[in-house]
>>> print(open('input.cif').read())   # mmCIF, C-alpha atoms (C1' of nucleotides)
data_work
loop_
_atom_site.label_atom_id
_atom_site.label_comp_id
_atom_site.auth_asym_id
_atom_site.auth_seq_id
_atom_site.Cartn_x
_atom_site.Cartn_y
_atom_site.Cartn_z
CA MET Y 1 -6.15 -10.50 -17.96
CA ASP Y 2 -5.38 -7.91 -20.56
CA ILE Y 3 -1.71 -7.06 -20.68
CA ARG Y 4 -2.47 -3.36 -20.50
CA ASP Y 5 -4.55 -3.77 -17.36
CA LYS Y 6 -1.60 -5.58 -15.85
CA ARG Y 7 0.74 -2.78 -16.73
CA ILE Y 8 -1.64 -0.25 -15.24
CA LEU Y 9 -1.82 -2.25 -12.02
CA GLU Y 10 1.93 -2.74 -11.95
CA ALA Y 11 2.49 1.00 -12.23
CA LEU Y 12 -0.14 1.92 -9.65
CA GLN Y 13 1.20 -0.66 -7.21
CA GLU Y 14 4.47 1.24 -7.27
CA ASP Y 15 3.16 4.77 -7.44
CA ALA Y 16 -0.48 5.69 -7.11
CA THR Y 17 0.15 9.40 -7.66
CA LEU Y 18 0.95 8.93 -11.33
CA PRO Y 19 -1.29 11.17 -13.46
CA VAL Y 20 -3.57 9.27 -15.80
CA ALA Y 21 -2.00 10.95 -18.83
CA ASP Y 22 1.52 9.76 -17.89
CA LEU Y 23 0.24 6.29 -17.15
CA ALA Y 24 -1.53 6.26 -20.52
CA ASP Y 25 1.72 7.13 -22.29
CA ARG Y 26 3.59 4.42 -20.48
CA VAL Y 27 0.98 1.78 -21.22
CA GLY Y 28 0.43 2.92 -24.81
CA LEU Y 29 -3.16 4.06 -24.52
CA SER Y 30 -5.01 7.32 -24.90
CA THR Y 31 -5.81 9.15 -21.70
CA SER Y 32 -9.50 8.40 -21.87
CA ALA Y 33 -9.08 4.71 -22.61
CA CYS Y 34 -6.60 4.44 -19.75
CA TRP Y 35 -8.92 6.33 -17.45
CA ARG Y 36 -11.82 4.03 -18.29
CA ARG Y 37 -9.69 0.98 -17.55
CA ILE Y 38 -8.65 2.36 -14.18
CA LYS Y 39 -12.30 3.06 -13.34
CA ALA Y 40 -13.20 -0.50 -14.31
CA LEU Y 41 -10.38 -1.92 -12.20
CA GLU Y 42 -11.61 0.06 -9.22
CA GLU Y 43 -15.19 -0.93 -9.94
CA ASP Y 44 -14.28 -4.61 -10.07
CA GLY Y 45 -12.38 -4.30 -6.82
CA LEU Y 46 -9.02 -5.25 -8.30
CA ILE Y 47 -7.74 -1.96 -7.03
CA ALA Y 48 -8.91 -2.25 -3.45
CA ARG Y 49 -7.69 1.12 -2.27
CA ARG Y 50 -4.94 3.70 -2.38
CA VAL Y 51 -2.94 4.32 0.75
CA ALA Y 52 0.08 6.23 1.97
CA LEU Y 53 2.97 4.11 3.23
CA ILE Y 54 4.67 5.54 6.28
CA ASP Y 55 8.34 5.11 7.13
CA ARG Y 56 8.37 2.95 10.25
CA ARG Y 57 11.77 4.09 11.42
CA LYS Y 58 10.66 7.70 11.41
CA THR Y 59 7.52 7.00 13.41
CA ASN Y 60 9.29 5.06 16.15
CA VAL Y 61 8.09 1.59 15.31
CA ALA Y 62 11.30 0.33 13.76
CA MET Y 63 11.18 -3.03 15.49
CA THR Y 64 9.38 -6.00 13.98
CA VAL Y 65 8.44 -8.98 16.09
CA PHE Y 66 6.87 -12.22 14.91
CA VAL Y 67 4.72 -14.05 17.37
CA GLY Y 68 3.73 -17.67 16.97
CA VAL Y 69 0.68 -18.61 18.97
CA ARG Y 70 -0.90 -21.95 19.85
CA THR Y 71 -4.14 -22.73 21.60
CA SER Y 72 -5.93 -25.79 22.91
CA ARG Y 73 -9.30 -24.02 22.85
CA HIS Y 74 -10.52 -25.04 19.43
CA SER Y 75 -13.86 -23.31 19.58
CA MET Y 76 -15.46 -20.73 17.38
CA ALA Y 77 -15.97 -18.53 20.41
CA TRP Y 78 -12.25 -18.51 21.07
CA LEU Y 79 -11.49 -17.61 17.47
CA ASP Y 80 -13.96 -14.75 17.55
CA ALA Y 81 -12.48 -13.42 20.77
CA PHE Y 82 -8.98 -13.73 19.33
CA ARG Y 83 -10.06 -11.94 16.18
CA LYS Y 84 -11.45 -9.07 18.19
CA VAL Y 85 -8.30 -8.72 20.26
CA ILE Y 86 -6.17 -8.68 17.11
CA GLN Y 87 -8.28 -5.98 15.52
CA GLY Y 88 -8.05 -3.87 18.62
CA ILE Y 89 -4.27 -3.87 18.84
CA PRO Y 90 -2.76 -1.53 16.23
CA GLU Y 91 0.74 -2.88 16.84
CA ILE Y 92 -0.43 -6.13 15.24
CA VAL Y 93 -0.21 -5.38 11.55
CA GLU Y 94 -0.60 -8.90 10.19
CA ALA Y 95 -2.18 -12.10 11.48
CA TYR Y 96 -2.57 -15.48 9.82
CA ARG Y 97 -4.03 -18.81 10.77
CA LEU Y 98 -1.64 -21.51 9.66
CA THR Y 99 -1.89 -25.19 8.83
CA GLY Y 100 -1.43 -27.61 11.67
CA ASP Y 101 -3.01 -27.69 15.09
CA MET Y 102 -4.41 -24.17 15.33
CA ASP Y 103 -1.29 -22.18 14.92
CA TYR Y 104 -1.31 -18.46 14.39
CA LEU Y 105 1.41 -16.17 13.24
CA LEU Y 106 1.35 -12.47 14.05
CA ARG Y 107 3.56 -9.65 12.89
CA LEU Y 108 3.93 -6.72 15.24
CA VAL Y 109 5.64 -3.38 14.88
CA VAL Y 110 6.82 -1.73 18.09
CA PRO Y 111 9.42 0.77 19.27
CA SER Y 112 11.27 -1.62 21.63
CA VAL Y 113 11.24 -4.92 23.49
CA GLU Y 114 9.74 -3.14 26.48
CA VAL Y 115 6.74 -2.07 24.47
CA TYR Y 116 6.51 -5.50 22.89
CA ASP Y 117 6.37 -6.96 26.37
CA ALA Y 118 3.52 -4.62 27.28
CA VAL Y 119 1.58 -5.61 24.16
CA TYR Y 120 2.30 -9.27 24.90
CA LYS Y 121 0.90 -8.89 28.43
CA LYS Y 122 -2.17 -7.15 27.09
CA MET Y 123 -2.72 -9.98 24.63
CA ILE Y 124 -2.45 -12.82 27.15
CA SER Y 125 -4.70 -10.94 29.55
CA GLU Y 126 -7.46 -10.91 26.96
CA VAL Y 127 -7.22 -14.38 25.42
CA ASP Y 128 -5.95 -17.78 26.52
CA PHE Y 129 -2.94 -19.26 24.79
CA THR Y 130 -1.24 -22.55 25.46
CA ASP Y 131 1.98 -21.46 23.83
CA VAL Y 132 3.54 -18.22 22.61
CA THR Y 133 6.89 -17.93 20.84
CA SER Y 134 8.41 -14.67 19.65
CA PHE Y 135 11.06 -13.96 17.07
CA ILE Y 136 12.62 -10.57 16.78
CA SER Y 137 13.50 -9.33 13.32
CA MET Y 138 17.04 -8.05 12.99
CA GLU Y 139 16.64 -6.83 9.47
CA GLU Y 140 13.92 -6.27 6.94
CA LEU Y 141 15.30 -7.65 3.69
CA LYS Y 142 12.17 -7.06 1.69
CA TYR Y 143 8.79 -5.53 2.18
CA THR Y 144 6.46 -4.76 -0.65
CA THR Y 145 2.72 -4.33 -1.06
CA ALA Y 146 3.05 -5.18 -4.76
CA VAL Y 147 1.83 -8.64 -5.66
CA PRO Y 148 2.96 -10.52 -8.78
CA LEU Y 149 0.52 -10.18 -11.66
CA ARG Y 150 1.83 -12.95 -13.87
CA TYR Y 151 -0.94 -15.31 -12.74
CA ALA Y 152 -3.79 -12.84 -13.17
CA MET M 1 5.07 14.70 16.95
CA ASP M 2 2.30 17.22 16.46
CA ILE M 3 -1.11 15.74 17.02
CA ARG M 4 -2.36 17.16 13.74
CA ASP M 5 0.46 15.58 11.78
CA LYS M 6 -0.51 12.30 13.38
CA ARG M 7 -4.10 12.73 12.35
CA ILE M 8 -3.05 13.56 8.81
CA LEU M 9 -0.90 10.44 8.65
CA GLU M 10 -3.64 8.32 10.17
CA ALA M 11 -6.09 9.47 7.54
CA LEU M 12 -3.69 9.05 4.62
CA GLN M 13 -2.70 5.59 5.80
CA GLU M 14 -6.32 4.59 5.36
CA ASP M 15 -7.13 6.55 2.22
CA ALA M 16 -4.58 8.44 0.19
CA THR M 17 -7.17 9.76 -2.27
CA LEU M 18 -8.67 12.12 0.29
CA PRO M 19 -8.67 15.69 -1.05
CA VAL M 20 -6.56 18.10 0.97
CA ALA M 21 -9.62 20.26 1.72
CA ASP M 22 -11.54 17.34 3.25
CA LEU M 23 -8.52 16.26 5.23
CA ALA M 24 -8.08 19.82 6.45
CA ASP M 25 -11.66 19.89 7.70
CA ARG M 26 -11.24 16.63 9.50
CA VAL M 27 -8.01 17.69 11.16
CA GLY M 28 -9.21 21.21 11.90
CA LEU M 29 -6.81 23.12 9.71
CA SER M 30 -7.10 25.43 6.76
CA THR M 31 -6.48 23.86 3.37
CA SER M 32 -3.15 25.60 2.89
CA ALA M 33 -1.86 24.80 6.36
CA CYS M 34 -2.82 21.19 5.86
CA TRP M 35 -1.26 21.11 2.43
CA ARG M 36 2.01 22.52 3.76
CA ARG M 37 2.10 19.89 6.48
CA ILE M 38 1.55 17.11 3.97
CA LYS M 39 4.37 18.52 1.83
CA ALA M 40 6.64 18.61 4.88
CA LEU M 41 5.75 15.04 5.80
CA GLU M 42 6.62 13.95 2.26
CA GLU M 43 9.79 16.01 2.30
CA ASP M 44 10.90 14.46 5.59
CA GLY M 45 10.20 11.00 4.26
CA LEU M 46 7.55 10.18 6.83
CA ILE M 47 5.20 9.59 3.96
CA ALA M 48 7.37 7.24 1.95
CA ARG M 49 5.03 6.81 -0.98
CA ARG M 50 1.46 6.35 -2.09
CA VAL M 51 0.50 3.04 -3.62
CA ALA M 52 -2.52 1.15 -4.87
CA LEU M 53 -3.37 -2.02 -2.95
CA ILE M 54 -4.51 -4.84 -5.17
CA ASP M 55 -6.97 -7.54 -4.15
CA ARG M 56 -4.92 -10.74 -4.06
CA ARG M 57 -7.87 -13.04 -4.56
CA LYS M 58 -8.82 -11.27 -7.75
CA THR M 59 -5.33 -11.48 -9.20
CA ASN M 60 -4.92 -15.19 -8.54
CA VAL M 61 -2.43 -15.05 -5.70
CA ALA M 62 -4.84 -15.87 -2.91
CA MET M 63 -2.47 -18.28 -1.18
CA THR M 64 0.01 -17.13 1.42
CA VAL M 65 2.96 -19.28 2.41
CA PHE M 66 5.51 -18.60 5.10
CA VAL M 67 8.94 -20.04 4.60
CA GLY M 68 11.47 -20.41 7.38
CA VAL M 69 15.01 -20.72 6.16
CA ARG M 70 18.25 -21.70 7.85
CA THR M 71 21.79 -21.66 6.55
CA SER M 72 25.21 -22.76 7.71
CA ARG M 73 26.95 -20.41 5.31
CA HIS M 74 27.43 -17.40 7.56
CA SER M 75 29.23 -15.23 5.06
CA MET M 76 28.52 -11.81 3.68
CA ALA M 77 28.73 -13.25 0.19
CA TRP M 78 25.95 -15.69 0.99
CA LEU M 79 23.75 -12.92 2.40
CA ASP M 80 24.30 -10.79 -0.68
CA ALA M 81 23.42 -13.68 -2.95
CA PHE M 82 20.33 -14.44 -0.87
CA ARG M 83 19.30 -10.80 -0.99
CA LYS M 84 19.57 -10.75 -4.75
CA VAL M 85 17.50 -13.90 -5.14
CA ILE M 86 14.80 -12.49 -2.86
CA GLN M 87 14.62 -9.25 -4.80
CA GLY M 88 14.32 -11.15 -8.05
CA ILE M 89 11.34 -13.26 -7.01
CA PRO M 90 8.12 -11.22 -7.04
CA GLU M 91 6.20 -13.93 -5.20
CA ILE M 92 8.32 -13.12 -2.14
CA VAL M 93 6.62 -10.06 -0.71
CA GLU M 94 8.33 -9.94 2.67
CA ALA M 95 11.64 -11.20 4.04
CA TYR M 96 13.17 -10.80 7.47
CA ARG M 97 16.36 -11.88 9.17
CA LEU M 98 15.48 -13.10 12.63
CA THR M 99 17.34 -13.50 15.90
CA GLY M 100 19.06 -16.80 16.48
CA ASP M 101 21.44 -18.69 14.29
CA MET M 102 20.80 -17.04 10.94
CA ASP M 103 17.14 -17.67 10.53
CA TYR M 104 15.10 -16.04 7.84
CA LEU M 105 11.38 -15.77 7.45
CA LEU M 106 9.78 -15.17 4.07
CA ARG M 107 6.21 -14.46 3.12
CA LEU M 108 5.13 -15.54 -0.33
CA VAL M 109 1.94 -15.06 -2.27
CA VAL M 110 1.13 -17.67 -4.91
CA PRO M 111 -1.86 -19.14 -6.73
CA SER M 112 -1.39 -22.73 -5.49
CA VAL M 113 0.90 -25.26 -3.85
CA GLU M 114 2.10 -26.28 -7.30
CA VAL M 115 3.34 -22.81 -8.02
CA TYR M 116 4.80 -22.54 -4.53
CA ASP M 117 6.74 -25.70 -5.25
CA ALA M 118 8.10 -24.19 -8.44
CA VAL M 119 9.20 -21.04 -6.62
CA TYR M 120 10.74 -23.19 -3.89
CA LYS M 121 12.72 -25.12 -6.46
CA LYS M 122 13.89 -21.92 -8.08
CA MET M 123 15.04 -20.63 -4.72
CA ILE M 124 17.04 -23.68 -3.71
CA SER M 125 18.61 -23.83 -7.15
CA GLU M 126 20.02 -20.34 -6.67
CA VAL M 127 21.15 -20.37 -3.02
CA ASP M 128 22.23 -23.00 -0.51
CA PHE M 129 20.03 -23.67 2.49
CA THR M 130 20.55 -26.15 5.28
CA ASP M 131 16.93 -26.16 6.25
CA VAL M 132 13.64 -24.96 4.80
CA THR M 133 10.26 -25.18 6.52
CA SER M 134 7.00 -23.96 5.03
CA PHE M 135 3.72 -23.03 6.65
CA ILE M 136 0.63 -22.50 4.58
CA SER M 137 -1.78 -19.82 5.69
CA MET M 138 -5.38 -20.95 5.95
CA GLU M 139 -6.78 -17.55 6.69
CA GLU M 140 -5.66 -13.96 6.76
CA LEU M 141 -7.08 -12.53 9.98
CA LYS M 142 -5.47 -9.15 9.62
CA TYR M 143 -3.39 -7.29 7.09
CA THR M 144 -2.80 -3.62 7.26
CA THR M 145 -0.14 -1.25 5.97
CA ALA M 146 -1.08 1.24 8.69
CA VAL M 147 1.39 1.46 11.54
CA PRO M 148 0.50 2.75 15.02
CA LEU M 149 1.41 6.41 15.49
CA ARG M 150 1.10 6.60 19.26
CA TYR M 151 4.87 6.32 19.67
CA ALA M 152 5.79 8.92 17.06
"C1'" DT S 1 -1.78 31.55 8.84
"C1'" DG S 2 -5.13 32.61 5.49
"C1'" DT S 3 -6.82 34.28 0.76
"C1'" DG S 4 -7.18 33.75 -3.71
"C1'" DA S 5 -5.96 32.76 -8.31
"C1'" DA S 6 -3.46 30.12 -11.79
"C1'" DA S 7 -2.10 25.58 -13.20
"C1'" DA S 8 -2.78 20.82 -13.28
"C1'" DC S 9 -5.62 17.16 -13.26
"C1'" DC S 10 -9.79 14.46 -13.34
"C1'" DT S 11 -14.18 13.29 -15.35
"C1'" DC S 12 -16.81 12.28 -18.93
"C1'" DG S 13 -19.25 13.50 -23.22
"C1'" DT S 14 -19.06 13.30 -28.25
"C1'" DA S 15 -17.48 12.16 -32.79
"C1'" DG S 16 -14.70 9.47 -35.74
"C1'" DT S 17 -11.64 4.90 -36.69
"C1'" DA G 1 -13.11 -1.02 -28.00
"C1'" DC G 2 -9.86 2.64 -28.98
"C1'" DT G 3 -8.39 7.53 -30.47
"C1'" DA G 4 -8.79 12.34 -30.28
"C1'" DC G 5 -10.58 16.41 -28.62
"C1'" DG G 6 -12.37 19.32 -25.30
"C1'" DA G 7 -15.55 21.45 -21.92
"C1'" DG G 8 -16.38 21.92 -17.13
"C1'" DG G 9 -15.52 20.95 -12.46
"C1'" DT G 10 -12.35 19.76 -8.83
"C1'" DT G 11 -8.00 19.81 -6.69
"C1'" DT G 12 -3.41 21.08 -6.21
"C1'" DT G 13 0.01 24.38 -5.83
"C1'" DC G 14 2.00 28.48 -4.42
"C1'" DA G 15 2.65 33.66 -4.36
"C1'" DC G 16 1.47 37.25 -1.52
"C1'" DA G 17 -0.93 39.69 2.03
#
>>> encode(input="input.cif", output="structure tokens")
Amino acid sequence: MDIRDKRILEALQEDATLPVADLADRVGLSTSACWRRIKALEEDGLIARRVALIDRRKTNVAMTVFVGVRTSRHSMAWLDAFRKVIQGIPEIVEAYRLTGDMDYLLRLVVPSVEVYDAVYKKMISEVDFTDVTSFISMEELKYTTAVPLRYA
Amino acid sequence: MDIRDKRILEALQEDATLPVADLADRVGLSTSACWRRIKALEEDGLIARRVALIDRRKTNVAMTVFVGVRTSRHSMAWLDAFRKVIQGIPEIVEAYRLTGDMDYLLRLVVPSVEVYDAVYKKMISEVDFTDVTSFISMEELKYTTAVPLRYA
DNA sequence: TGTGAAAACCTCGTAGT
DNA sequence: ACTACGAGGTTTTCACA
């Protein structure tokens, strides 16, 4: 990828409010050239969207819990049901299917262990699990939405 | 929190490009009232920042790897060193300290196992670990930067 | 809280390199 | 494909009623 496209993406990953003219200066392009590149990046879907990041501590979801999940029901129907449950629970902010015998890892944000327990109960009432393990995060050392662009 | 502030945050968490006037309509406020609320939410730090989300598959970091890390070096110096290493590696997008005997969980985005191996080697060359376990993600079932606002 | 107007910014055309 | 300029529309920003 063009080095200037990378620099545009790098900047917008950090701050999407940057005016095109400022960004153009930083990247070493004219405003219109820079604008056209941004349009192209949006068109091509490289820039998926622009969102506001909310401070979790100030919205009472300071606690992060990881939940490891195992199942013996290796059917597509089970996966679909699980998927639906995940989508319907806003406290689940990330979910991945991992290597190995159908293991899933979820990240939840909640106000407290009590609320986590309620979410946990809701989850197991809607899908079958053979095993659930939770890990509470004591500290967030790093969290960024910016991905490395050196491989692009 | 005010219900209208919540609705503003909900909308901006999904799409930060929304014009204030549109947002105002949706929330049922006048443009200026809505604008003042947004300003206040930024001022108070509830809206931390606005960023562009990049499509990982299109920037060649489609692979997600989770890395569990354990150490026997329970010193502040070790933690500081670890912190610095984490910050310096852009492939590490999330890092948490978990409950239990000094366990850490990292999330990395990389192009391939080969590159993951290189990052892994870099990591262990810079800090001491007693144990490292990695889990490769086969599928991302959910990823959102939007946090639930029902507790705010 | 709402109105309105100025300032800033985006959007995109055109011409020239 | 980029620069430079700029018109015209949209949006932001804020003073004042």
>>> interface_residues(input="input.cif", of="chain S", to="chain M", cutoff="12 Å", atoms="all atoms listed in the file", output="number ranges by chain")
S: 1-4
>>> resolve_selection(input="input.cif", expression="the PyMOL selection byres ((chain Y) within 8 of (chain M))", output="PyMOL selection string")
chain Y and resi 9+12-17+45-56+58-61+83+86-87+90-91+93-99+109+111+135-149+151-152
>>> residues_around(input="input.cif", residues="range 8-11 of chain S", least_positions_apart="3", cutoff="8 Å", atoms="only C-alpha atoms (C1' of nucleotides)", output="PDB file with C-alpha atoms (C1' of nucleotides), keeping the file's coordinate frame")
ATOM      1  CA  PRO Y  19      -1.290  11.170 -13.460  1.00  0.00           C
TER       2      PRO Y  19
ATOM      3  C1'  DT G  10     -12.350  19.760  -8.830  1.00  0.00           C
ATOM      4  C1'  DT G  11      -8.000  19.810  -6.690  1.00  0.00           C
ATOM      5  C1'  DT G  12      -3.410  21.080  -6.210  1.00  0.00           C
TER       6       DT G  12
END
>>> resolve_selection(input="input.cif", expression="the PyMOL selection byres ((chain M) within 9 of (chain G))", output="ChimeraX atom specification")
/M:19-21,35
>>> axis_aligned_box(input="input.cif", around="range 134-146 of chain Y", padding_each_side="5 Å", output="AutoDock Vina command-line options")
--center_x 9.9 --center_y -9.5 --center_z 7.4 --size_x 24.3 --size_y 20.3 --size_z 34.4
>>> atom_distance(input="input.cif", atom1="CA of Val69 in chain M", atom2="CA of Thr130 in chain Y")
25.3 Å
>>> atom_distance(input="input.cif", atom1="CA of Asp22 in chain Y", atom2="CA of Ile8 in chain Y")
10.8 Å
>>> atom_distance(input="input.cif", atom1="CA of Ala40 in chain M", atom2="CA of Gly28 in chain M")
17.5 Å
